[in-house]
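Worksheet: the structure to be examined is printed underneath.
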Amino acid sequence: MNNPTEPTKPKKENLLVNLLLNIIVPTLVLTKLSSEEYLGPTVALIVALAFPIAYGLWDYRERKKWNLFSILGLISVLLTGGISLLQLDPKYIAIKEAAIPAILGIATLLSTRTRYPLVKTILLNDSVLDVDKINQALEQQNHQASFNKVLMNASYLVALSFALSAILNYVLAKIVVVSSPGSVEYTQQLGKLTALSYPVIVVPVTIVMIFAMFYLFRNITRLTELSLEDILVQQ
């Protein structure tokens, strides 16, 4: 029987629902329904943006936890909507696409000089790793200083992944989004940009991030003398 005083763990995010509402549905709306015979470019854009905004709010209600990347995703969606509805030059889409990962990369590097490195939020996550057990083992082995060096190197790798994302985002947006805001072509190009972002951007960035995780996990097990199974949170 569960202890009534034990805090309820937040629900896990459903990756399929995430992809469906943040990527697939908005892409289909932008590319298939933006012509005048259906929704028209402006209404299609509003409808497409409504899905990730609604998902972000619903996810917070279900899991009772704001996620840094969910917040940035919502900001990105709102900026896209603002740039489009105000009919600004398409170059601002490319700048916006590059700015968010660039800011994250800079924040990752700057946070290494604080007590709360951002890499801990990204990689050393207490929903995946038993952080308390890891810290206890590091203290027992007197390897805290060595682990701090590992975290610094991992921060450089994470910052590199964000830098790569910024470059790829900018180049892809400049190539894909070339029409004037408010036109059917522009709205369809936003849909194409959304669809292409996963294979063109997410895959190479994920490879770098996985390498950073592998580097961190390998060094955690080396410095703590614990197995991988020991440092993972038991489900």
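Ligands are numbered from 1 in the order shown, residues from 1 within each chain, and chains are lettered A, B, ... in the order they appear in the structure tokens.
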
Inset, instruction - Find the spatial neighbours of Gln87 of chain A, counting only C-alpha atoms, within a cut-off of 8 Å - ignore same-chain residues fewer than 3 positions away - and output them as number ranges by chain. - result: A: 83-84, 180-182

Please save N, CA and C atoms of the selected residues as a PDB file, in the first residue's frame.
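And here is the file that came out, result.pdb:
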ATOM      1  N   ILE A  83       5.837  36.987 -36.016  1.00  0.00           N
ATOM      2  CA  ILE A  83       6.548  37.373 -37.246  1.00  0.00           C
ATOM      3  C   ILE A  83       5.640  37.200 -38.463  1.00  0.00           C
ATOM      4  N   SER A  84       4.886  36.120 -38.470  1.00  0.00           N
ATOM      5  CA  SER A  84       4.032  35.817 -39.624  1.00  0.00           C
ATOM      6  C   SER A  84       2.828  36.752 -39.692  1.00  0.00           C
ATOM      7  N   SER A 180       6.697  35.789 -49.218  1.00  0.00           N
ATOM      8  CA  SER A 180       6.218  36.878 -48.365  1.00  0.00           C
ATOM      9  C   SER A 180       5.191  36.359 -47.364  1.00  0.00           C
ATOM     10  N   PRO A 181       5.279  36.804 -46.099  1.00  0.00           N
ATOM     11  CA  PRO A 181       4.290  36.404 -45.089  1.00  0.00           C
ATOM     12  C   PRO A 181       2.877  36.774 -45.530  1.00  0.00           C
ATOM     13  N   GLY A 182       1.926  35.910 -45.181  1.00  0.00           N
ATOM     14  CA  GLY A 182       0.543  36.134 -45.569  1.00  0.00           C
ATOM     15  C   GLY A 182       0.145  35.389 -46.823  1.00  0.00           C
TER      16      GLY A 182
END

Neighbours of Tyr156 of chain A within 9 Å (only C-alpha atoms; same-chain residues fewer than 2 positions away dropped), as a PDB file with all heavy atoms, in the first residue's frame?
ATOM      1  N   GLY A 105      22.985  27.594 -25.953  1.00  0.00           N
ATOM      2  CA  GLY A 105      24.407  27.250 -25.942  1.00  0.00           C
ATOM      3  C   GLY A 105      25.211  28.212 -25.093  1.00  0.00           C
ATOM      4  O   GLY A 105      26.059  27.798 -24.285  1.00  0.00           O
ATOM      5  N   THR A 108      24.428  27.640 -21.466  1.00  0.00           N
ATOM      6  CA  THR A 108      25.101  26.439 -20.971  1.00  0.00           C
ATOM      7  C   THR A 108      26.531  26.746 -20.544  1.00  0.00           C
ATOM      8  O   THR A 108      26.986  26.306 -19.480  1.00  0.00           O
ATOM      9  CB  THR A 108      25.105  25.338 -22.053  1.00  0.00           C
ATOM     10  OG1 THR A 108      23.762  24.997 -22.381  1.00  0.00           O
ATOM     11  CG2 THR A 108      25.834  24.091 -21.561  1.00  0.00           C
ATOM     12  N   LEU A 109      27.246  27.509 -21.368  1.00  0.00           N
ATOM     13  CA  LEU A 109      28.630  27.863 -21.047  1.00  0.00           C
ATOM     14  C   LEU A 109      28.703  28.809 -19.845  1.00  0.00           C
ATOM     15  O   LEU A 109      29.524  28.625 -18.943  1.00  0.00           O
ATOM     16  CB  LEU A 109      29.306  28.502 -22.259  1.00  0.00           C
ATOM     17  CG  LEU A 109      29.518  27.580 -23.467  1.00  0.00           C
ATOM     18  CD1 LEU A 109      30.123  28.363 -24.616  1.00  0.00           C
ATOM     19  CD2 LEU A 109      30.413  26.396 -23.098  1.00  0.00           C
ATOM     20  N   LEU A 151      31.896  17.342 -15.793  1.00  0.00           N
ATOM     21  CA  LEU A 151      30.724  18.174 -16.077  1.00  0.00           C
ATOM     22  C   LEU A 151      31.078  19.336 -17.001  1.00  0.00           C
ATOM     23  O   LEU A 151      30.302  19.707 -17.884  1.00  0.00           O
ATOM     24  CB  LEU A 151      30.133  18.721 -14.778  1.00  0.00           C
ATOM     25  CG  LEU A 151      29.183  17.820 -13.987  1.00  0.00           C
ATOM     26  CD1 LEU A 151      28.683  18.552 -12.749  1.00  0.00           C
ATOM     27  CD2 LEU A 151      28.003  17.377 -14.847  1.00  0.00           C
ATOM     28  N   MET A 152      32.260  19.914 -16.801  1.00  0.00           N
ATOM     29  CA  MET A 152      32.702  21.009 -17.655  1.00  0.00           C
ATOM     30  C   MET A 152      32.853  20.541 -19.104  1.00  0.00           C
ATOM     31  O   MET A 152      32.383  21.194 -20.042  1.00  0.00           O
ATOM     32  CB  MET A 152      34.029  21.563 -17.146  1.00  0.00           C
ATOM     33  CG  MET A 152      34.552  22.753 -17.943  1.00  0.00           C
ATOM     34  SD  MET A 152      33.528  24.231 -17.795  1.00  0.00           S
ATOM     35  CE  MET A 152      33.951  24.736 -16.114  1.00  0.00           C
ATOM     36  N   ASN A 153      33.488  19.375 -19.297  1.00  0.00           N
ATOM     37  CA  ASN A 153      33.650  18.830 -20.649  1.00  0.00           C
ATOM     38  C   ASN A 153      32.295  18.495 -21.270  1.00  0.00           C
ATOM     39  O   ASN A 153      32.077  18.725 -22.472  1.00  0.00           O
ATOM     40  CB  ASN A 153      34.533  17.588 -20.619  1.00  0.00           C
ATOM     41  CG  ASN A 153      35.974  17.913 -20.261  1.00  0.00           C
ATOM     42  OD1 ASN A 153      36.441  19.025 -20.476  1.00  0.00           O
ATOM     43  ND2 ASN A 153      36.687  16.945 -19.703  1.00  0.00           N
ATOM     44  N   ALA A 154      31.389  17.955 -20.451  1.00  0.00           N
ATOM     45  CA  ALA A 154      30.046  17.640 -20.945  1.00  0.00           C
ATOM     46  C   ALA A 154      29.311  18.918 -21.340  1.00  0.00           C
ATOM     47  O   ALA A 154      28.550  18.935 -22.313  1.00  0.00           O
ATOM     48  CB  ALA A 154      29.256  16.878 -19.881  1.00  0.00           C
ATOM     49  N   VAL A 158      27.515  19.786 -24.902  1.00  0.00           N
ATOM     50  CA  VAL A 158      26.126  20.233 -25.016  1.00  0.00           C
ATOM     51  C   VAL A 158      26.069  21.578 -25.740  1.00  0.00           C
ATOM     52  O   VAL A 158      25.219  21.794 -26.612  1.00  0.00           O
ATOM     53  CB  VAL A 158      25.474  20.334 -23.622  1.00  0.00           C
ATOM     54  CG1 VAL A 158      24.111  21.019 -23.704  1.00  0.00           C
ATOM     55  CG2 VAL A 158      25.313  18.950 -23.003  1.00  0.00           C
ATOM     56  N   ALA A 159      26.960  22.493 -25.388  1.00  0.00           N
ATOM     57  CA  ALA A 159      27.010  23.794 -26.061  1.00  0.00           C
ATOM     58  C   ALA A 159      27.301  23.618 -27.554  1.00  0.00           C
ATOM     59  O   ALA A 159      26.747  24.338 -28.397  1.00  0.00           O
ATOM     60  CB  ALA A 159      28.065  24.684 -25.413  1.00  0.00           C
ATOM     61  N   LEU A 160      28.169  22.651 -27.886  1.00  0.00           N
ATOM     62  CA  LEU A 160      28.468  22.355 -29.290  1.00  0.00           C
ATOM     63  C   LEU A 160      27.216  21.896 -30.027  1.00  0.00           C
ATOM     64  O   LEU A 160      26.976  22.294 -31.175  1.00  0.00           O
ATOM     65  CB  LEU A 160      29.549  21.275 -29.375  1.00  0.00           C
ATOM     66  CG  LEU A 160      29.890  20.754 -30.782  1.00  0.00           C
ATOM     67  CD1 LEU A 160      30.464  21.883 -31.632  1.00  0.00           C
ATOM     68  CD2 LEU A 160      30.873  19.595 -30.699  1.00  0.00           C
ATOM     69  N   SER A 161      26.391  21.074 -29.370  1.00  0.00           N
ATOM     70  CA  SER A 161      25.160  20.605 -30.010  1.00  0.00           C
ATOM     71  C   SER A 161      24.206  21.764 -30.272  1.00  0.00           C
ATOM     72  O   SER A 161      23.543  21.816 -31.312  1.00  0.00           O
ATOM     73  CB  SER A 161      24.479  19.535 -29.148  1.00  0.00           C
ATOM     74  OG  SER A 161      23.855  20.101 -28.013  1.00  0.00           O
ATOM     75  N   ALA A 212      27.509  13.090 -25.638  1.00  0.00           N
ATOM     76  CA  ALA A 212      27.725  13.779 -24.350  1.00  0.00           C
ATOM     77  C   ALA A 212      27.191  12.938 -23.194  1.00  0.00           C
ATOM     78  O   ALA A 212      27.830  12.837 -22.131  1.00  0.00           O
ATOM     79  CB  ALA A 212      27.056  15.148 -24.371  1.00  0.00           C
TER      80      ALA A 212
END

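For the residues A:Ser76, A:Thr121, A:Thr112, A:Ser179, ranking by smallest atom-to-atom distance to Asp89 of chain A using only C-alpha atoms places A:Ser179 first.
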
Inset, instruction - If you run DSSP over the backbone, which residues in segment 16-217 of chain A end up helix (DSSP H, G or I)? Put them as a ChimeraX atom specification. - result: /A:16-32,41-63,68-85,91-111,118-122,131-141,144-176,184-217

Output of the above residues as a short mmCIF file (atom, residue, chain, number, x, y, z; two decimals), in the first residue's frame, restricted to C-alpha atoms:
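Contents of part07.cif, as written:
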data_model
loop_
_atom_site.label_atom_id
_atom_site.label_comp_id
_atom_site.auth_asym_id
_atom_site.auth_seq_id
_atom_site.Cartn_x
_atom_site.Cartn_y
_atom_site.Cartn_z
CA LEU A 16 4.02 10.02 -29.55
CA VAL A 17 1.52 12.69 -28.45
CA ASN A 18 4.38 15.21 -28.30
CA LEU A 19 5.43 14.52 -31.90
CA LEU A 20 1.83 14.39 -33.11
CA LEU A 21 0.72 17.73 -31.68
CA ASN A 22 3.99 19.66 -31.95
CA ILE A 23 5.20 18.46 -35.36
CA ILE A 24 2.88 16.25 -37.40
CA VAL A 25 -0.49 18.02 -37.04
CA PRO A 26 0.90 21.58 -37.45
CA THR A 27 2.85 20.45 -40.53
CA LEU A 28 -0.25 18.90 -42.11
CA VAL A 29 -2.35 21.99 -41.37
CA LEU A 30 0.26 24.36 -42.84
CA THR A 31 1.01 22.32 -45.95
CA LYS A 32 -2.45 20.91 -46.78
CA PRO A 41 -2.91 31.15 -44.95
CA THR A 42 -3.69 33.27 -41.86
CA VAL A 43 -6.28 30.95 -40.31
CA ALA A 44 -4.16 27.89 -41.12
CA LEU A 45 -1.19 29.49 -39.34
CA ILE A 46 -3.29 30.29 -36.25
CA VAL A 47 -4.75 26.77 -36.16
CA ALA A 48 -1.30 25.18 -36.60
CA LEU A 49 0.22 27.29 -33.82
CA ALA A 50 -2.69 26.49 -31.51
CA PHE A 51 -1.71 22.81 -31.29
CA PRO A 52 1.77 23.18 -29.69
CA ILE A 53 0.50 26.00 -27.42
CA ALA A 54 -2.44 23.88 -26.23
CA TYR A 55 -0.15 20.86 -25.79
CA GLY A 56 2.32 22.84 -23.67
CA LEU A 57 -0.44 24.06 -21.35
CA TRP A 58 -2.05 20.62 -21.16
CA ASP A 59 1.30 18.96 -20.44
CA TYR A 60 1.89 21.34 -17.54
CA ARG A 61 -1.56 20.62 -16.11
CA GLU A 62 -0.99 16.86 -16.34
CA ARG A 63 2.61 16.72 -15.05
CA LEU A 68 12.67 24.52 -19.83
CA PHE A 69 12.52 23.20 -23.37
CA SER A 70 8.71 23.21 -23.43
CA ILE A 71 8.78 26.88 -22.41
CA LEU A 72 11.32 27.67 -25.13
CA GLY A 73 9.18 25.74 -27.61
CA LEU A 74 6.14 27.84 -26.71
CA ILE A 75 8.19 31.05 -27.05
CA SER A 76 9.41 29.87 -30.45
CA VAL A 77 5.86 29.15 -31.58
CA LEU A 78 4.63 32.56 -30.39
CA LEU A 79 7.52 34.33 -32.14
CA THR A 80 6.77 32.47 -35.36
CA GLY A 81 3.15 33.52 -35.09
CA GLY A 82 4.09 37.12 -34.35
CA ILE A 83 6.55 37.37 -37.25
CA SER A 84 4.03 35.82 -39.62
CA LEU A 85 0.93 37.75 -38.57
CA LYS A 91 14.76 36.69 -42.67
CA TYR A 92 13.41 37.13 -39.14
CA ILE A 93 12.20 33.52 -39.19
CA ALA A 94 15.79 32.40 -39.89
CA ILE A 95 17.11 34.68 -37.14
CA LYS A 96 14.51 33.37 -34.68
CA GLU A 97 15.25 29.75 -35.60
CA ALA A 98 18.96 30.28 -34.89
CA ALA A 99 18.55 32.53 -31.84
CA ILE A 100 16.94 30.07 -29.41
CA PRO A 101 19.56 27.27 -29.66
CA ALA A 102 22.30 29.92 -29.71
CA ILE A 103 20.97 31.43 -26.47
CA LEU A 104 20.81 27.95 -24.93
CA GLY A 105 24.41 27.25 -25.94
CA ILE A 106 25.64 30.53 -24.45
CA ALA A 107 23.57 29.92 -21.29
CA THR A 108 25.10 26.44 -20.97
CA LEU A 109 28.63 27.86 -21.05
CA LEU A 110 27.85 30.78 -18.71
CA SER A 111 26.10 28.49 -16.23
CA LEU A 118 22.64 23.92 -17.05
CA VAL A 119 24.19 20.59 -18.07
CA LYS A 120 22.85 19.14 -14.81
CA THR A 121 19.32 20.00 -15.92
CA ILE A 122 19.89 18.55 -19.38
CA VAL A 131 21.61 11.86 -8.21
CA ASP A 132 21.76 11.42 -4.41
CA LYS A 133 23.44 8.02 -4.75
CA ILE A 134 25.90 9.42 -7.30
CA ASN A 135 26.85 12.36 -5.05
CA GLN A 136 27.31 10.08 -2.02
CA ALA A 137 29.56 7.74 -4.00
CA LEU A 138 31.61 10.66 -5.35
CA GLU A 139 32.16 11.96 -1.80
CA GLN A 140 33.14 8.50 -0.56
CA GLN A 141 35.64 8.11 -3.42
CA GLN A 144 34.08 15.50 -6.61
CA ALA A 145 36.81 17.64 -8.21
CA SER A 146 37.32 15.11 -11.01
CA PHE A 147 33.58 14.95 -11.61
CA ASN A 148 33.38 18.74 -11.87
CA LYS A 149 35.93 18.55 -14.71
CA VAL A 150 33.77 15.90 -16.39
CA LEU A 151 30.72 18.17 -16.08
CA MET A 152 32.70 21.01 -17.66
CA ASN A 153 33.65 18.83 -20.65
CA ALA A 154 30.05 17.64 -20.94
CA SER A 155 28.94 21.29 -20.92
CA TYR A 156 31.22 21.98 -23.90
CA LEU A 157 29.68 19.06 -25.78
CA VAL A 158 26.13 20.23 -25.02
CA ALA A 159 27.01 23.79 -26.06
CA LEU A 160 28.47 22.35 -29.29
CA SER A 161 25.16 20.61 -30.01
CA PHE A 162 23.29 23.89 -29.55
CA ALA A 163 25.77 25.71 -31.80
CA LEU A 164 25.28 23.06 -34.48
CA SER A 165 21.51 23.42 -34.10
CA ALA A 166 21.71 27.21 -34.47
CA ILE A 167 23.73 26.95 -37.69
CA LEU A 168 21.51 24.27 -39.22
CA ASN A 169 18.33 26.11 -38.18
CA TYR A 170 19.48 29.32 -39.83
CA VAL A 171 20.63 27.69 -43.07
CA LEU A 172 17.49 25.56 -43.39
CA ALA A 173 15.15 28.50 -42.73
CA LYS A 174 16.97 30.70 -45.25
CA ILE A 175 16.68 28.00 -47.91
CA VAL A 176 13.06 26.98 -47.24
CA VAL A 184 -0.17 30.53 -49.22
CA GLU A 185 3.40 29.70 -50.30
CA TYR A 186 4.84 31.22 -47.12
CA THR A 187 2.50 29.22 -44.88
CA GLN A 188 3.30 26.02 -46.76
CA GLN A 189 7.02 26.76 -46.46
CA LEU A 190 6.64 27.06 -42.67
CA GLY A 191 5.07 23.61 -42.71
CA LYS A 192 7.94 22.29 -44.81
CA LEU A 193 10.44 23.88 -42.42
CA THR A 194 8.75 22.16 -39.48
CA ALA A 195 8.79 18.80 -41.26
CA LEU A 196 12.43 19.06 -42.36
CA SER A 197 13.71 20.23 -38.97
CA TYR A 198 13.65 16.71 -37.55
CA PRO A 199 15.77 14.85 -40.10
CA VAL A 200 18.02 17.81 -40.94
CA ILE A 201 18.52 19.30 -37.47
CA VAL A 202 17.36 16.97 -34.72
CA VAL A 203 19.23 13.88 -35.94
CA PRO A 204 22.78 15.34 -36.01
CA VAL A 205 22.17 17.33 -32.81
CA THR A 206 20.83 14.22 -31.07
CA ILE A 207 23.97 12.30 -32.08
CA VAL A 208 26.15 14.93 -30.38
CA MET A 209 23.89 14.93 -27.30
CA ILE A 210 23.98 11.12 -27.06
CA PHE A 211 27.77 11.25 -27.23
CA ALA A 212 27.72 13.78 -24.35
CA MET A 213 25.45 11.47 -22.33
CA PHE A 214 27.66 8.47 -23.04
CA TYR A 215 30.71 10.45 -21.95
CA LEU A 216 28.99 11.57 -18.75
CA PHE A 217 27.57 8.15 -17.83
#

Inset, instruction - In Å, rounded to a single decimal, give me how far atom CA of Leu129 of chain A is from atom CA of Glu225 of chain A. - result: 15.0 Å
